[in-house]
Amino acid sequence: NMLHCQNCGAPLNSEEAAPVEVAVETPAENTPVAMPKTMKLDEWVTYVKSLPQKVILAGLGGILAVLLLLLIFAGGGGYKSAVNSYYKAYEKAKIEKMMNFIIPKDIQKQFFEEIEDVRDMDKEEYLEEEAEELEEELEDVEDFEWEIKQAEKLNKLDKLEDEMEKMRISDLDDFRDMMDDTFEDFDKFDSEKISDAYAIKLKLKAEVDGDKESETVIDIVYKYKGKWYLLKGTTL
(Lines give C-alpha, C1' and ligand atoms only; values in the text may rest on other atoms or scores of the structure.)
Protein backbone atom coordinates (compact mmCIF):
# COMPACT_ATOMS: atom_id res chain seq x y z
CA ASN A 1 0.00 0.00 0.00
CA MET A 2 1.25 3.43 -0.93
CA LEU A 3 1.58 5.93 1.76
CA HIS A 4 0.19 9.43 1.35
CA CYS A 5 1.19 12.76 2.75
CA GLN A 6 -0.89 13.61 5.80
CA ASN A 7 -0.99 17.30 4.81
CA CYS A 8 -1.70 17.32 1.06
CA GLY A 9 -2.61 13.69 0.26
CA ALA A 10 0.11 13.24 -2.36
CA PRO A 11 1.59 9.73 -2.70
CA LEU A 12 4.90 9.18 -0.96
CA ASN A 13 7.79 6.83 -1.60
CA SER A 14 8.78 4.71 1.35
CA GLU A 15 11.93 6.78 1.71
CA GLU A 16 9.85 9.95 1.86
CA ALA A 17 7.56 8.45 4.46
CA ALA A 18 10.24 8.27 7.12
CA PRO A 19 9.12 10.00 10.30
CA VAL A 20 10.30 13.54 10.67
CA GLU A 21 11.86 14.55 13.95
CA VAL A 22 10.39 17.76 15.30
CA ALA A 23 12.30 19.82 17.84
CA VAL A 24 10.04 20.56 20.78
CA GLU A 25 11.13 23.18 23.29
CA THR A 26 10.65 21.86 26.82
CA PRO A 27 10.85 23.93 29.96
CA ALA A 28 13.90 23.67 32.14
CA GLU A 29 13.66 21.21 35.00
CA ASN A 30 12.95 23.84 37.62
CA THR A 31 10.79 26.16 35.49
CA PRO A 32 7.25 26.35 36.95
CA VAL A 33 4.07 26.72 34.93
CA ALA A 34 3.13 30.39 34.64
CA MET A 35 0.88 31.35 37.56
CA PRO A 36 -2.49 32.89 36.61
CA LYS A 37 -3.15 36.33 38.07
CA THR A 38 -6.31 35.08 39.81
CA MET A 39 -7.39 31.58 40.69
CA LYS A 40 -9.81 29.64 42.81
CA LEU A 41 -8.70 27.31 45.59
CA ASP A 42 -8.86 24.22 43.36
CA GLU A 43 -6.82 26.07 40.73
CA TRP A 44 -4.17 26.73 43.38
CA VAL A 45 -3.93 22.96 43.92
CA THR A 46 -3.51 22.38 40.16
CA TYR A 47 -0.86 25.07 39.98
CA VAL A 48 1.11 23.67 42.92
CA LYS A 49 0.99 20.18 41.38
CA SER A 50 2.52 21.59 38.19
CA LEU A 51 5.60 22.81 40.05
CA PRO A 52 8.80 20.74 40.15
CA GLN A 53 9.30 19.08 43.52
CA LYS A 54 12.29 21.26 44.43
CA VAL A 55 10.28 24.40 43.76
CA ILE A 56 7.35 23.09 45.80
CA LEU A 57 9.56 22.36 48.78
CA ALA A 58 11.37 25.68 48.51
CA GLY A 59 8.21 27.76 48.16
CA LEU A 60 5.84 25.74 50.31
CA GLY A 61 5.89 28.25 53.17
CA GLY A 62 4.94 31.15 50.92
CA ILE A 63 2.21 29.23 49.13
CA LEU A 64 0.66 28.12 52.42
CA ALA A 65 0.76 31.68 53.68
CA VAL A 66 -1.10 32.91 50.59
CA LEU A 67 -3.67 30.12 50.89
CA LEU A 68 -4.19 31.02 54.54
CA LEU A 69 -4.80 34.65 53.60
CA LEU A 70 -7.30 33.56 50.96
CA LEU A 71 -9.20 31.48 53.49
CA ILE A 72 -9.22 34.32 56.01
CA PHE A 73 -10.57 36.84 53.51
CA ALA A 74 -13.10 34.33 52.18
CA GLY A 75 -14.51 34.10 55.71
CA GLY A 76 -14.90 37.84 56.06
CA GLY A 77 -11.70 38.51 57.98
CA GLY A 78 -12.68 36.88 61.27
CA TYR A 79 -14.25 38.27 64.43
CA LYS A 80 -11.59 40.97 64.87
CA SER A 81 -12.46 42.40 61.47
CA ALA A 82 -16.13 42.61 62.50
CA VAL A 83 -15.24 44.42 65.73
CA ASN A 84 -12.98 46.89 63.93
CA SER A 85 -15.52 47.54 61.19
CA TYR A 86 -18.28 48.18 63.71
CA TYR A 87 -16.30 50.71 65.74
CA LYS A 88 -14.94 52.45 62.65
CA ALA A 89 -18.55 52.91 61.54
CA TYR A 90 -19.51 54.12 65.04
CA GLU A 91 -16.70 56.66 65.01
CA LYS A 92 -18.12 58.14 61.77
CA ALA A 93 -21.78 57.78 62.81
CA LYS A 94 -22.47 55.35 59.95
CA ILE A 95 -25.59 53.79 61.43
CA GLU A 96 -26.40 51.45 58.56
CA LYS A 97 -22.87 50.01 58.55
CA MET A 98 -23.07 49.55 62.31
CA MET A 99 -26.34 47.69 61.96
CA ASN A 100 -24.79 45.38 59.38
CA PHE A 101 -22.65 44.03 62.21
CA ILE A 102 -25.35 43.67 64.87
CA ILE A 103 -28.47 42.69 62.89
CA PRO A 104 -28.09 39.55 60.74
CA LYS A 105 -28.71 40.24 57.08
CA ASP A 106 -31.57 37.78 56.65
CA ILE A 107 -33.71 39.46 59.32
CA GLN A 108 -32.96 43.11 58.54
CA LYS A 109 -36.02 43.43 56.31
CA GLN A 110 -38.33 42.25 59.09
CA PHE A 111 -36.45 44.44 61.58
CA PHE A 112 -37.19 47.58 59.58
CA GLU A 113 -40.80 46.49 59.12
CA GLU A 114 -41.07 46.31 62.90
CA ILE A 115 -39.52 49.79 63.16
CA GLU A 116 -42.08 51.13 60.72
CA ASP A 117 -44.95 49.63 62.76
CA VAL A 118 -43.66 50.78 66.13
CA ARG A 119 -42.13 54.17 65.29
CA ASP A 120 -44.11 55.03 62.17
CA MET A 121 -41.04 55.74 60.03
CA ASP A 122 -39.46 53.93 57.11
CA LYS A 123 -35.90 52.61 56.95
CA GLU A 124 -34.34 55.78 55.54
CA GLU A 125 -36.07 58.01 58.08
CA TYR A 126 -34.98 55.75 60.92
CA LEU A 127 -31.34 55.63 59.79
CA GLU A 128 -31.25 59.40 59.29
CA GLU A 129 -32.67 60.08 62.75
CA GLU A 130 -30.31 57.64 64.45
CA ALA A 131 -27.32 59.10 62.57
CA GLU A 132 -28.22 62.64 63.64
CA GLU A 133 -28.48 61.58 67.29
CA LEU A 134 -25.14 59.77 67.16
CA GLU A 135 -23.41 62.66 65.41
CA GLU A 136 -24.63 64.94 68.19
CA GLU A 137 -23.28 62.55 70.83
CA LEU A 138 -19.91 62.41 69.07
CA GLU A 139 -19.49 66.18 68.73
CA ASP A 140 -17.47 66.39 71.95
CA VAL A 141 -15.70 63.06 71.49
CA GLU A 142 -12.13 62.98 70.18
CA ASP A 143 -9.45 60.33 69.77
CA PHE A 144 -11.87 57.44 70.11
CA GLU A 145 -10.02 54.13 70.39
CA TRP A 146 -10.94 50.53 70.98
CA GLU A 147 -8.88 47.46 71.75
CA ILE A 148 -9.72 43.80 72.26
CA LYS A 149 -8.03 42.96 75.54
CA GLN A 150 -9.22 39.39 75.77
CA ALA A 151 -11.08 36.88 73.62
CA GLU A 152 -12.19 33.32 74.40
CA LYS A 153 -14.30 30.83 72.50
CA LEU A 154 -17.58 30.18 74.29
CA ASN A 155 -16.80 26.47 74.34
CA LYS A 156 -13.39 27.14 75.92
CA LEU A 157 -14.12 29.81 78.51
CA ASP A 158 -11.49 30.57 81.12
CA LYS A 159 -10.86 34.09 82.45
CA LEU A 160 -14.15 35.39 81.00
CA GLU A 161 -16.20 32.53 82.43
CA ASP A 162 -17.59 34.59 85.32
CA GLU A 163 -18.65 37.38 82.97
CA MET A 164 -20.51 34.89 80.80
CA GLU A 165 -22.18 33.32 83.84
CA LYS A 166 -23.77 36.70 84.53
CA MET A 167 -25.41 36.35 81.11
CA ARG A 168 -26.28 32.70 81.88
CA ILE A 169 -23.97 31.50 79.13
CA SER A 170 -21.52 28.67 79.66
CA ASP A 171 -21.07 27.42 76.10
CA LEU A 172 -22.19 27.84 72.49
CA ASP A 173 -25.47 25.97 73.03
CA ASP A 174 -26.47 28.38 75.82
CA PHE A 175 -25.74 31.27 73.50
CA ARG A 176 -27.89 29.74 70.75
CA ASP A 177 -30.76 29.42 73.24
CA MET A 178 -30.36 33.06 74.26
CA MET A 179 -30.38 34.16 70.61
CA ASP A 180 -33.55 32.16 70.01
CA ASP A 181 -35.20 34.23 72.74
CA THR A 182 -33.73 37.47 71.41
CA PHE A 183 -35.00 36.93 67.87
CA GLU A 184 -38.05 34.81 68.64
CA ASP A 185 -40.30 37.12 66.58
CA PHE A 186 -38.06 36.86 63.52
CA ASP A 187 -39.13 33.90 61.42
CA LYS A 188 -35.98 33.65 59.31
CA PHE A 189 -33.51 33.56 62.18
CA ASP A 190 -32.06 30.10 62.78
CA SER A 191 -29.79 29.81 65.81
CA GLU A 192 -28.43 26.48 64.53
CA LYS A 193 -26.62 28.51 61.87
CA ILE A 194 -24.44 30.05 64.59
CA SER A 195 -21.24 28.11 64.02
CA ASP A 196 -18.84 29.88 66.38
CA ALA A 197 -18.73 32.59 69.04
CA TYR A 198 -16.22 34.46 71.21
CA ALA A 199 -16.61 36.28 74.48
CA ILE A 200 -14.53 39.45 74.23
CA LYS A 201 -13.35 42.10 76.66
CA LEU A 202 -13.00 45.51 75.02
CA LYS A 203 -11.24 48.63 76.22
CA LEU A 204 -12.90 51.78 74.89
CA LYS A 205 -11.08 55.11 75.26
CA ALA A 206 -11.80 58.67 74.17
CA GLU A 207 -11.44 62.29 75.11
CA VAL A 208 -14.88 63.67 75.99
CA ASP A 209 -15.31 67.40 76.62
CA GLY A 210 -11.57 67.61 77.13
CA ASP A 211 -11.48 64.80 79.72
CA LYS A 212 -9.99 61.39 79.04
CA GLU A 213 -12.49 58.60 79.61
CA SER A 214 -12.23 54.84 79.36
CA GLU A 215 -14.54 51.91 79.80
CA THR A 216 -14.16 48.15 79.79
CA VAL A 217 -17.06 46.31 78.21
CA ILE A 218 -17.94 42.67 77.65
CA ASP A 219 -19.53 41.59 74.40
CA ILE A 220 -19.99 38.47 72.29
CA VAL A 221 -18.99 38.13 68.66
CA TYR A 222 -20.67 35.28 66.81
CA LYS A 223 -20.48 33.73 63.36
CA TYR A 224 -23.88 33.38 61.74
CA LYS A 225 -24.20 31.93 58.23
CA GLY A 226 -20.56 32.64 57.58
CA LYS A 227 -20.48 36.27 58.77
CA TRP A 228 -19.40 37.71 62.12
CA TYR A 229 -21.74 39.89 64.22
CA LEU A 230 -21.54 41.66 67.56
CA LEU A 231 -24.21 40.86 70.10
CA LYS A 232 -24.47 44.32 71.66
CA GLY A 233 -22.01 46.65 70.00
CA THR A 234 -21.48 48.52 73.26
CA THR A 235 -20.16 52.09 72.97
CA LEU A 236 -19.06 54.87 75.32
# chains A, B, ... in the order shown; residues from 1 in each chain; ligands from 1
$ select_by_dssp --residues "region 114-182 of chain A" --states "helix (DSSP H, G or I)" --output "ChimeraX atom specification"
/A:114-119,123-138,154-156,161-166,172-182
$ write_last_selection --atoms "N, CA and C atoms" --output "CSV table (one decimal), in the first residue's frame"
chain,number,residue,atom,x,y,z
A,114,GLU,N,-40.7,46.1,61.5
A,114,GLU,CA,-41.1,46.3,62.9
A,114,GLU,C,-40.9,47.8,63.3
A,115,ILE,N,-39.8,48.4,62.9
A,115,ILE,CA,-39.5,49.8,63.2
A,115,ILE,C,-40.6,50.7,62.6
A,116,GLU,N,-41.0,50.3,61.4
A,116,GLU,CA,-42.1,51.1,60.7
A,116,GLU,C,-43.4,51.0,61.5
A,117,ASP,N,-43.7,49.8,62.0
A,117,ASP,CA,-44.9,49.6,62.8
A,117,ASP,C,-44.9,50.3,64.1
A,118,VAL,N,-43.8,50.2,64.8
A,118,VAL,CA,-43.7,50.8,66.1
A,118,VAL,C,-43.4,52.3,66.1
A,119,ARG,N,-42.5,52.8,65.3
A,119,ARG,CA,-42.1,54.2,65.3
A,119,ARG,C,-42.7,55.0,64.1
A,123,LYS,N,-37.3,52.9,56.7
A,123,LYS,CA,-35.9,52.6,57.0
A,123,LYS,C,-35.0,53.9,56.8
A,124,GLU,N,-35.2,54.6,55.8
A,124,GLU,CA,-34.3,55.8,55.5
A,124,GLU,C,-34.5,56.8,56.6
A,125,GLU,N,-35.8,57.0,57.0
A,125,GLU,CA,-36.1,58.0,58.1
A,125,GLU,C,-35.4,57.6,59.4
A,126,TYR,N,-35.6,56.3,59.7
A,126,TYR,CA,-35.0,55.7,60.9
A,126,TYR,C,-33.5,55.9,60.9
A,127,LEU,N,-32.8,55.5,59.9
A,127,LEU,CA,-31.3,55.6,59.8
A,127,LEU,C,-30.9,57.1,59.9
A,128,GLU,N,-31.6,58.0,59.3
A,128,GLU,CA,-31.3,59.4,59.3
A,128,GLU,C,-31.4,60.0,60.7
A,129,GLU,N,-32.5,59.6,61.4
A,129,GLU,CA,-32.7,60.1,62.7
A,129,GLU,C,-31.6,59.5,63.7
A,130,GLU,N,-31.3,58.2,63.6
A,130,GLU,CA,-30.3,57.6,64.4
A,130,GLU,C,-28.9,58.2,64.2
A,131,ALA,N,-28.6,58.5,62.9
A,131,ALA,CA,-27.3,59.1,62.6
A,131,ALA,C,-27.2,60.5,63.2
A,132,GLU,N,-28.3,61.3,63.1
A,132,GLU,CA,-28.2,62.6,63.6
A,132,GLU,C,-28.0,62.6,65.1
A,133,GLU,N,-28.7,61.7,65.8
A,133,GLU,CA,-28.5,61.6,67.3
A,133,GLU,C,-27.1,61.2,67.6
A,134,LEU,N,-26.5,60.2,66.9
A,134,LEU,CA,-25.1,59.8,67.2
A,134,LEU,C,-24.1,60.9,66.9
A,135,GLU,N,-24.3,61.6,65.8
A,135,GLU,CA,-23.4,62.7,65.4
A,135,GLU,C,-23.4,63.7,66.5
A,136,GLU,N,-24.6,64.0,67.1
A,136,GLU,CA,-24.6,64.9,68.2
A,136,GLU,C,-23.9,64.4,69.4
A,137,GLU,N,-24.0,63.1,69.7
A,137,GLU,CA,-23.3,62.6,70.8
A,137,GLU,C,-21.8,62.6,70.6
A,138,LEU,N,-21.3,62.5,69.4
A,138,LEU,CA,-19.9,62.4,69.1
A,138,LEU,C,-19.2,63.8,68.9
A,154,LEU,N,-16.6,30.5,73.3
A,154,LEU,CA,-17.6,30.2,74.3
A,154,LEU,C,-17.5,28.7,74.8
A,155,ASN,N,-17.0,27.9,73.9
A,155,ASN,CA,-16.8,26.5,74.3
A,155,ASN,C,-15.5,26.2,75.1
A,156,LYS,N,-14.7,27.3,75.2
A,156,LYS,CA,-13.4,27.1,75.9
A,156,LYS,C,-13.2,28.3,76.9
A,161,GLU,N,-15.1,33.4,82.1
A,161,GLU,CA,-16.2,32.5,82.4
A,161,GLU,C,-17.2,33.2,83.4
A,162,ASP,N,-16.7,33.9,84.4
A,162,ASP,CA,-17.6,34.6,85.3
A,162,ASP,C,-18.5,35.6,84.6
A,163,GLU,N,-17.9,36.4,83.7
A,163,GLU,CA,-18.7,37.4,83.0
A,163,GLU,C,-19.8,36.7,82.2
A,164,MET,N,-19.5,35.6,81.6
A,164,MET,CA,-20.5,34.9,80.8
A,164,MET,C,-21.6,34.3,81.7
A,165,GLU,N,-21.2,33.9,82.9
A,165,GLU,CA,-22.2,33.3,83.8
A,165,GLU,C,-23.2,34.4,84.2
A,166,LYS,N,-22.8,35.6,84.2
A,166,LYS,CA,-23.8,36.7,84.5
A,166,LYS,C,-24.8,36.8,83.4
A,172,LEU,N,-21.5,27.4,73.7
A,172,LEU,CA,-22.2,27.8,72.5
A,172,LEU,C,-23.7,27.5,72.5
A,173,ASP,N,-24.1,26.4,73.0
A,173,ASP,CA,-25.5,26.0,73.0
A,173,ASP,C,-26.3,27.0,73.9
A,174,ASP,N,-25.8,27.4,75.0
A,174,ASP,CA,-26.5,28.4,75.8
A,174,ASP,C,-26.7,29.7,75.0
A,175,PHE,N,-25.7,30.0,74.3
A,175,PHE,CA,-25.7,31.3,73.5
A,175,PHE,C,-26.8,31.1,72.4
A,176,ARG,N,-26.9,30.0,71.8
A,176,ARG,CA,-27.9,29.7,70.8
A,176,ARG,C,-29.3,29.9,71.4
A,177,ASP,N,-29.5,29.3,72.6
A,177,ASP,CA,-30.8,29.4,73.2
A,177,ASP,C,-31.1,30.9,73.5
A,178,MET,N,-30.1,31.6,74.0
A,178,MET,CA,-30.4,33.1,74.3
A,178,MET,C,-30.7,33.8,73.0
A,179,MET,N,-30.1,33.5,71.9
A,179,MET,CA,-30.4,34.2,70.6
A,179,MET,C,-31.8,33.8,70.1
A,180,ASP,N,-32.2,32.6,70.4
A,180,ASP,CA,-33.6,32.2,70.0
A,180,ASP,C,-34.6,33.1,70.7
A,181,ASP,N,-34.3,33.3,72.0
A,181,ASP,CA,-35.2,34.2,72.7
A,181,ASP,C,-35.1,35.7,72.2
A,182,THR,N,-33.9,36.1,71.9
A,182,THR,CA,-33.7,37.5,71.4
A,182,THR,C,-34.5,37.7,70.1
$ closest_residue --among "A:Asp171, A:Glu192, A:Glu113, A:Asp120" --to "Lys225 (chain A)" --atoms "only C-alpha atoms"
A:Glu192
$ residues_around --residues "Ala151 (chain A)" --least-positions-apart "5" --cutoff "8 Å" --atoms "only C-alpha atoms" --output "number ranges by chain"
A: 198-201
$ closest_residue --among "A:Val141, A:Met98, A:Ala82, A:Ile169" --to "Lys205 (chain A)" --atoms "only C-alpha atoms"
A:Val141
